[in-house]
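Enquirer: my_file_6.cif (mmCIF, C-alpha atoms) pasted underneath:
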```cif
data_model
#
loop_
_atom_site.label_atom_id
_atom_site.label_comp_id
_atom_site.auth_asym_id
_atom_site.auth_seq_id
_atom_site.Cartn_x
_atom_site.Cartn_y
_atom_site.Cartn_z
CA MET A 227 184.15 213.36 39.67
CA GLU A 228 185.75 211.05 37.10
CA ASP A 229 189.43 210.20 36.61
CA ASP A 230 191.28 209.55 33.37
CA GLY A 231 190.21 205.91 33.32
CA GLY A 232 186.54 206.78 33.50
CA VAL A 233 186.17 205.73 37.16
CA ALA A 234 184.04 207.92 39.40
CA ALA A 235 186.04 209.28 42.31
CA ALA A 236 184.46 211.03 45.31
CA THR A 237 186.39 213.85 46.85
CA THR A 238 185.17 213.00 50.34
CA VAL A 239 183.24 210.20 52.00
CA GLU A 240 181.35 211.60 54.96
CA ASP A 241 182.42 210.70 58.47
CA GLY A 242 179.99 208.27 59.92
CA GLY A 243 181.09 209.16 63.45
CA GLY A 244 181.81 206.61 66.15
CA GLY A 245 185.53 207.20 66.35
CA ASN A 246 186.19 206.98 62.64
CA ILE A 247 189.59 208.02 61.30
CA LYS A 248 190.18 209.99 58.15
CA ILE A 249 192.36 208.37 55.51
CA LYS A 250 193.68 210.35 52.56
CA VAL A 251 193.63 208.36 49.33
CA SER A 252 195.81 209.29 46.34
CA TYR A 253 194.52 207.82 43.10
CA GLY A 254 196.31 208.93 39.96
CA SER A 255 195.77 212.67 39.68
CA ASN A 256 192.92 212.60 42.20
CA ASP A 257 193.09 212.92 45.98
CA PHE A 258 190.11 212.26 48.22
CA ASP A 259 189.33 211.37 51.84
CA VAL A 260 187.51 208.34 53.25
CA TYR A 261 186.51 207.48 56.80
CA THR A 262 186.59 204.15 58.60
CA THR A 263 187.34 202.77 62.07
CA SER A 264 190.83 202.00 63.23
CA GLN A 265 189.73 198.41 63.90
CA SER A 266 188.82 197.97 60.25
CA THR A 267 190.92 195.73 58.01
CA PHE A 268 192.38 196.64 54.67
CA ALA A 269 189.57 194.64 53.10
CA ASP A 270 187.09 196.94 54.84
CA LEU A 271 189.04 199.97 53.62
CA LYS A 272 188.81 198.67 50.05
CA GLN A 273 185.04 198.41 50.40
CA VAL A 274 184.90 202.04 51.47
CA ILE A 275 187.13 203.05 48.57
CA ALA A 276 184.93 201.04 46.22
CA LYS A 277 181.95 203.17 47.23
CA ALA A 278 183.94 206.31 46.55
CA THR A 279 185.49 205.28 43.22
CA GLY A 280 183.38 202.47 41.87
CA LEU A 281 186.47 200.27 41.64
CA ASP A 282 185.91 196.66 42.58
CA PRO A 283 188.02 195.71 45.64
CA GLU A 284 189.57 192.86 43.63
CA VAL A 285 191.28 195.31 41.30
CA GLN A 286 192.49 197.61 44.09
CA ASN A 287 196.08 197.69 45.31
CA VAL A 288 196.21 199.82 48.46
CA LEU A 289 199.77 200.77 49.45
CA PHE A 290 200.61 202.09 52.89
CA ARG A 291 204.14 203.28 53.50
CA GLY A 292 205.15 201.84 50.12
CA LYS A 293 203.88 198.30 50.56
CA GLU A 294 200.64 196.39 50.15
CA ASN A 295 199.23 194.78 53.31
CA ASP A 296 197.18 191.64 53.62
CA ASP A 297 193.41 192.18 53.32
CA HIS A 298 192.81 190.60 56.76
CA GLU A 299 195.34 192.83 58.52
CA SER A 300 193.79 195.60 60.66
CA LEU A 301 194.60 199.21 60.02
CA GLN A 302 195.55 199.74 63.65
CA VAL A 303 198.13 196.92 63.59
CA ALA A 304 199.59 198.26 60.35
CA GLY A 305 199.96 201.69 61.96
CA VAL A 306 197.29 203.49 59.97
CA LYS A 307 196.17 206.48 62.05
CA ASP A 308 193.99 209.52 61.52
CA ASN A 309 195.03 211.56 58.45
CA ALA A 310 197.22 208.70 57.23
CA LYS A 311 197.82 208.55 53.48
CA VAL A 312 197.49 205.52 51.22
CA ILE A 313 198.06 205.14 47.51
CA LEU A 314 195.46 203.42 45.35
CA ILE A 315 196.59 201.60 42.21
CA GLU A 316 194.17 199.93 39.85
CA ASN A 317 195.25 196.40 39.08
CA THR A 318 193.75 196.25 35.58
CA PRO A 319 193.32 192.68 34.41
CA THR A 320 195.10 191.89 31.16
CA LYS A 321 193.07 191.92 28.01
CA VAL A 322 194.82 188.77 26.84
CA LYS A 323 193.57 186.08 29.18
CA ASP A 324 196.11 183.50 28.08
CA LEU A 325 199.11 185.79 28.58
CA GLU A 326 202.34 183.82 28.42
CA THR A 327 204.95 184.17 31.10
CA VAL A 328 208.10 186.19 30.45
CA GLU A 329 210.16 183.04 29.95
CA GLU A 330 207.64 181.65 27.51
CA VAL A 331 207.69 184.92 25.61
CA LYS A 332 211.50 184.81 25.45
CA GLU A 333 211.41 181.26 24.16
CA HIS A 334 208.86 182.26 21.58
CA ILE A 335 211.05 185.15 20.47
CA GLU A 336 214.02 182.80 20.08
CA GLU A 337 211.90 180.43 18.03
CA VAL A 338 210.82 183.30 15.81
CA LYS A 339 214.45 184.35 15.35
CA GLU A 340 215.44 180.82 14.38
CA HIS A 341 212.54 180.66 11.95
CA VAL A 342 213.57 183.98 10.43
CA GLU A 343 217.13 182.68 9.96
CA GLU A 344 215.79 179.54 8.30
CA VAL A 345 213.66 181.65 5.99
CA LYS A 346 216.69 183.78 5.11
CA GLU A 347 218.73 180.66 4.32
CA ASN A 348 215.92 179.30 2.17
CA VAL A 349 215.67 182.61 0.35
CA GLU A 350 219.41 182.56 -0.32
CA GLU A 351 219.23 178.99 -1.58
CA VAL A 352 216.34 179.86 -3.88
CA LYS A 353 218.22 182.94 -5.05
CA VAL A 354 221.35 180.90 -5.82
CA SER A 355 219.31 178.19 -7.52
CA ARG A 356 217.41 180.63 -9.72
CA GLY A 357 220.55 182.57 -10.57
CA LEU A 358 222.42 179.40 -11.53
CA GLU A 359 219.49 178.23 -13.63
CA ALA A 360 219.41 181.55 -15.48
CA VAL A 361 223.14 181.28 -16.23
CA TYR A 362 222.68 177.77 -17.61
CA LEU A 363 219.90 178.97 -19.93
CA VAL A 364 222.19 181.68 -21.34
CA ARG A 365 224.95 179.09 -21.68
CA GLU A 366 222.74 176.93 -23.87
CA GLU A 367 222.17 179.90 -26.16
CA ASN A 368 225.89 180.66 -26.21
CA ASN A 369 226.60 177.10 -27.33
CA GLN A 370 224.61 177.78 -30.49
CA PHE A 371 226.38 181.07 -31.11
CA GLU A 372 229.74 179.36 -30.65
CA GLU A 373 228.81 176.82 -33.32
CA GLN A 374 228.07 179.70 -35.71
CA VAL A 375 231.45 181.28 -34.95
CA VAL A 376 233.17 177.96 -35.67
CA SER A 377 231.27 177.69 -38.96
CA LEU A 378 232.37 181.18 -39.98
CA GLU A 379 235.95 180.34 -39.09
CA THR A 380 235.83 177.26 -41.33
CA VAL A 381 234.54 179.27 -44.29
CA VAL A 382 237.06 182.09 -43.80
CA CYS A 383 239.94 179.65 -43.58
CA SER A 384 238.81 178.14 -46.89
CA GLU A 385 239.38 181.61 -48.42
CA THR A 386 235.67 182.01 -49.22
CA GLN A 387 234.42 185.58 -48.92
CA ILE A 388 231.62 186.18 -46.38
CA ALA A 389 229.28 189.18 -46.21
CA ASP A 390 230.36 191.63 -43.50
CA LYS A 391 226.82 191.81 -42.17
CA ASP A 392 227.11 188.22 -40.96
CA PHE A 393 229.94 189.22 -38.62
CA ILE A 394 228.07 192.32 -37.45
CA PHE A 395 224.88 190.39 -36.70
CA LEU A 396 226.63 187.66 -34.73
CA THR A 397 228.68 190.21 -32.78
CA GLU A 398 225.51 192.08 -31.79
CA MET A 399 223.88 188.86 -30.62
CA LEU A 400 226.88 188.06 -28.44
CA MET A 401 226.79 191.55 -26.93
CA ARG A 402 223.16 190.94 -26.00
CA GLN A 403 224.25 187.75 -24.26
CA LEU A 404 226.67 189.81 -22.16
CA LEU A 405 223.81 192.10 -21.15
CA LYS A 406 221.72 189.08 -20.15
CA LEU A 407 224.52 187.75 -17.96
CA ASP A 408 225.04 191.16 -16.36
CA GLY A 409 221.36 191.28 -15.40
CA ILE A 410 221.38 187.93 -13.57
CA ASP A 411 221.37 188.33 -9.78
CA CYS A 412 223.11 185.33 -8.28
CA GLU A 413 225.40 184.28 -5.45
CA GLY A 414 227.91 181.53 -4.77
CA GLU A 415 228.23 178.98 -7.55
CA GLY A 416 225.90 181.00 -9.77
CA ARG A 417 228.23 184.00 -9.63
CA ILE A 418 231.25 181.82 -10.50
CA GLN A 419 229.49 180.27 -13.51
CA ARG A 420 228.28 183.68 -14.68
CA LYS A 421 231.84 185.02 -14.61
CA LEU A 422 233.10 182.07 -16.64
CA GLU A 423 230.34 182.54 -19.20
CA VAL A 424 231.12 186.26 -19.54
CA ARG A 425 234.75 185.42 -20.34
CA ARG A 426 233.62 182.85 -22.86
CA VAL A 427 231.38 185.32 -24.72
CA GLN A 428 234.12 187.97 -24.71
CA GLY A 429 236.46 185.44 -26.25
CA LEU A 430 233.95 184.71 -29.02
CA VAL A 431 233.60 188.43 -29.74
CA ASP A 432 237.38 188.79 -30.03
CA LYS A 433 237.52 185.81 -32.34
CA LEU A 434 234.84 187.31 -34.57
CA ASP A 435 236.85 190.51 -34.83
CA ASP A 436 239.89 188.56 -35.97
CA LEU A 437 237.86 186.58 -38.52
CA ARG A 438 236.23 189.74 -39.81
CA GLU A 439 239.60 191.37 -40.39
CA LYS A 440 240.92 188.24 -42.09
CA ASN A 441 237.81 188.05 -44.28
CA SER A 442 238.17 191.68 -45.39
CA ASN A 443 241.81 191.18 -46.40
CA PRO A 444 242.27 187.53 -47.43
CA MET A 445 245.57 188.20 -49.27
CA ALA A 446 247.26 189.35 -46.08
CA SER A 447 247.35 185.82 -44.77
CA ASN A 448 248.94 184.50 -48.03
CA VAL A 449 251.90 186.94 -48.19
CA PRO A 450 255.06 184.99 -47.51
CA GLU A 451 256.94 186.11 -44.52
CA THR A 452 260.23 187.96 -45.03
CA PRO A 453 263.01 185.79 -43.72
CA ASN A 454 264.87 187.11 -40.77
CA GLU A 455 268.42 188.25 -41.20
CA SER A 456 269.51 185.59 -38.82
CA SER A 457 268.23 182.95 -41.23
CA LEU A 458 270.18 184.28 -44.24
CA PRO A 459 273.47 182.51 -45.13
CA SER A 460 276.63 184.25 -44.09
CA SER A 461 278.22 186.64 -46.68
CA SER A 462 281.66 185.24 -46.14
CA THR A 463 283.02 182.83 -48.74
CA PRO A 464 283.72 179.27 -47.86
CA ASP A 465 287.01 178.69 -46.33
CA GLU A 466 289.62 177.95 -49.04
CA PRO A 467 291.97 175.10 -48.46
CA SER A 468 295.04 176.41 -46.77
CA LEU A 469 298.25 176.19 -48.68
CA PRO A 470 301.26 174.54 -47.11
CA SER A 471 303.36 177.12 -45.34
CA SER A 472 306.57 175.86 -46.96
CA THR A 473 307.67 173.75 -49.93
CA PRO A 474 308.29 170.10 -49.33
CA ASP A 475 311.69 169.37 -48.00
CA GLU A 476 314.18 168.27 -50.72
CA PRO A 477 315.97 164.99 -50.13
CA SER A 478 319.24 165.65 -48.40
CA LEU A 479 322.48 164.25 -49.87
CA PRO A 480 324.95 162.41 -47.77
CA SER A 481 327.82 164.60 -46.56
CA SER A 482 330.49 162.30 -47.97
CA LYS A 483 328.97 162.58 -51.43
CA VAL A 484 329.09 166.36 -51.26
CA THR A 485 332.77 166.26 -50.30
CA GLN A 486 333.60 164.03 -53.18
CA ASP A 487 331.83 166.21 -55.65
CA LEU A 488 333.73 169.26 -54.46
CA GLY A 489 337.01 167.39 -54.87
CA ASP A 490 336.25 166.62 -58.45
CA ILE A 491 335.73 170.30 -59.17
#
```
Just dump the structure as C-alpha cells.
Expert:
Amino acid sequence: MEDDGGVAAATTVEDGGGGNIKIKVSYGSNDFDVYTTSQSTFADLKQVIAKATGLDPEVQNVLFRGKENDDHESLQVAGVKDNAKVILIENTPTKVKDLETVEEVKEHIEEVKEHVEEVKENVEEVKVSRGLEAVYLVREENNQFEEQVVSLETVVCSETQIADKDFIFLTEMLMRQLLKLDGIDCEGEGRIQRKLEVRRVQGLVDKLDDLREKNSNPMASNVPETPNESSLPSSSTPDEPSLPSSTPDEPSLPSSKVTQDLGDI
C-alpha cells in the first residue's frame, strides 16, 4: 500500500509473539497496526514503523497522547499499552538547506521594503528631472517664437502692412507648443514651470490676435478720440463785472449853508 507521499505503508505487521503489544499507527489517511514489546523504546518503535512504511526513523515524529517522547524512553514508562494509538508525522527536511530563520526573513523583508522605497524615490526624481528638462526644451523654442511676435509688433506699429498668413502660421506654431506642454508628464518643480510656460504661450497667442486685428484695420488706431463731455468748456458765459448796486454818494452840503440858501429865497 502506498500513501499520498509515495511511501509504502503496511496495513499490519505480524505479531512476533513473546508478549508483544499491538500499537495502532495513524499516518495521514492510512491506519495500520504494528507489534512490539512493552519494554521497547520509542526508538525501537520507529524501527518497526520504518519496516512498515519505509520511512527513515530520523524523519519520523511519533506522537502519543499529543506529544512526542524521547527516543530512549520506554513505551511502558510512557503508558503505551496494548491497542494504544500513536500518530505518525513525516518530518520532511526542507528543500532549501540554508533556510533562514524567521527573524532573518523578517529583516530581509524590511530591507526589501526599504529598497523598494528607495527605488520609488529614484523613479520620482528621474521623472521630475525628465519632465523639467522637457519643459526647458519647449521654453527654448518659445523664446524664438516670442522674438518673432516682437518683430511683428514692431512692423505693425510702424504702420507697415503684413500678410495675414504670417499671423496664422505663428499662431498655429504656438498652439502646437501648448500641445507639447500638455503632453509632458512631470511633478513638483516641473509642473510649476510647465504651468508658467503655458500661461506665457497663451499670452503670446492673445497678443498675436490683437496685432492681427490692428494690422487688418490700421486706420482704426489713427482716429482721434472724441473728447469727453467733461473735458468740454462750460456753455456759460464768463462772469460779467458786477455793476455797483447804487450811484456814488453825492457830497453833502453843510446844514447851515442850506438854511442860508432858503432864507435868500
Enquirer: Kindly provide, as a list in words, the polymer residues lying within 12 Å of (187.4, 196.2, 54.1), counting only C-alpha atoms and using the coordinates exactly as they appear in the file.
Expert: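 Output of the proximity query reads Tyr261, Thr262, Thr263, Ser264, Gln265, Ser266, Thr267, Phe268, Ala269, Asp270, Leu271, Lys272, Gln273, Val274, Ile275, Ala276, Lys277, Asp282, Pro283, Glu284, Gln286, Val288, Asn295, Asp296, Asp297, His298, Glu299, Ser300 and Leu301 of chain A.
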Enquirer: Near Val251 in chain A, counting all atoms listed in the file, which residues have an atom at most 6 Å away, once you skip same-chain residues fewer than 3 positions from it, shown as a list of chain:residue names?
Expert: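 The residues that qualify are A:Asp257, A:Phe258, A:Asp259, A:Lys311, A:Val312, A:Ile313.
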Enquirer: Step by step, work through what the PyMOL selection byres ((chain A and resi 412) around 6) selects in the shown file, and finish by giving those residues as a list of chain:residue names.
Expert: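 Those residues are A:Val354, A:Gly357, A:Asp411, A:Glu413, A:Gly416, A:Arg417.
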Enquirer: Residues of the last selection are to be written out with C-alpha atoms, as a tab-separated table (two decimals), in the coordinates of the input.
Expert:
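Now in again.tsv:
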```tsv
chain	number	residue	atom	x	y	z
A	354	VAL	CA	221.35	180.90	-5.82
A	357	GLY	CA	220.55	182.57	-10.57
A	411	ASP	CA	221.37	188.33	-9.78
A	413	GLU	CA	225.40	184.28	-5.45
A	416	GLY	CA	225.90	181.00	-9.77
A	417	ARG	CA	228.23	184.00	-9.63
```
Enquirer: Go ahead and fit an axis-aligned box to every listed atom of range 282-299 of chain A plus 6 Å each side, and pass me the centre and edge lengths in Å, one decimal, as JSON.
Expert:
```
{"center_x": 195.5, "center_y": 196.9, "center_z": 49.9, "size_x": 31.2, "size_y": 24.7, "size_z": 29.2}
```
Enquirer: List, as a PyMOL selection string, every residue that the PyMOL selection byres ((chain A and resi 254) around 8) selects in the file provided.
Expert: chain A and resi 229+252-253+255-257+314-315
Enquirer: Rounded to one decimal place, report the CA of Gly409 in chain A-CA of Arg356 in chain A distance in Å.
Expert: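 Separation of CA of Gly409 in chain A and CA of Arg356 in chain A: 12.7 Å.
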Enquirer: Looking at A:Arg438, A:Lys339, A:Arg365, A:Lys293, which one is nearest to Arg425 in chain A, with distances taken over all atoms listed in the file?
Expert: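 Using all atoms listed in the file, the shortest distance to Arg425 in chain A belongs to A:Arg365.
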Enquirer: Using only C-alpha atoms, which of the listed residues (A:Gln370, A:Gln387, A:Asn317, A:Gln302) sits closest to Met399 in chain A?
Expert: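 Checking each of A:Gln370, A:Gln387, A:Asn317, A:Gln302 against Met399 in chain A, counting only C-alpha atoms, the winner is A:Gln370.
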Enquirer: To one decimal place, how far is CA of Gly414 in chain A from CA of Ser355 in chain A in Å?
Expert: 9.6 Å
Enquirer: Which residue is closest to Thr397 in chain A? Choose from A:Leu422, A:Val431, A:Ala304, A:Ala360 and count all atoms listed in the file.
Expert: A:Val431
Enquirer: Can you work out the spacing between CA of Asn368 in chain A and CA of Lys391 in chain A in Å, to one decimal?
Expert: 19.5 Å
Enquirer: Quick one: residues within 12 Å of Ala389 in chain A, only C-alpha atoms, excluding same-chain residues fewer than 5 positions away - as a compact mmCIF listing (two decimals) with C-alpha atoms, in the coordinates of the input?
Expert:
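Result went into result-v9.txt, see below:
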```
# COMPACT_ATOMS: atom_id res chain seq x y z
CA LEU A 378 232.37 181.18 -39.98
CA VAL A 381 234.54 179.27 -44.29
CA VAL A 382 237.06 182.09 -43.80
CA ILE A 394 228.07 192.32 -37.45
CA PHE A 395 224.88 190.39 -36.70
CA LEU A 396 226.63 187.66 -34.73
CA LEU A 437 237.86 186.58 -38.52
CA ARG A 438 236.23 189.74 -39.81
CA ASN A 441 237.81 188.05 -44.28
CA SER A 442 238.17 191.68 -45.39
```
Enquirer: I need the residue nearest Pro444 in chain A from this list: A:Glu367, A:Glu333, A:Asp308, A:Glu385. Use all atoms listed in the file for the distance.
Expert: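 Among the listed residues, A:Glu385 lies closest to Pro444 in chain A.
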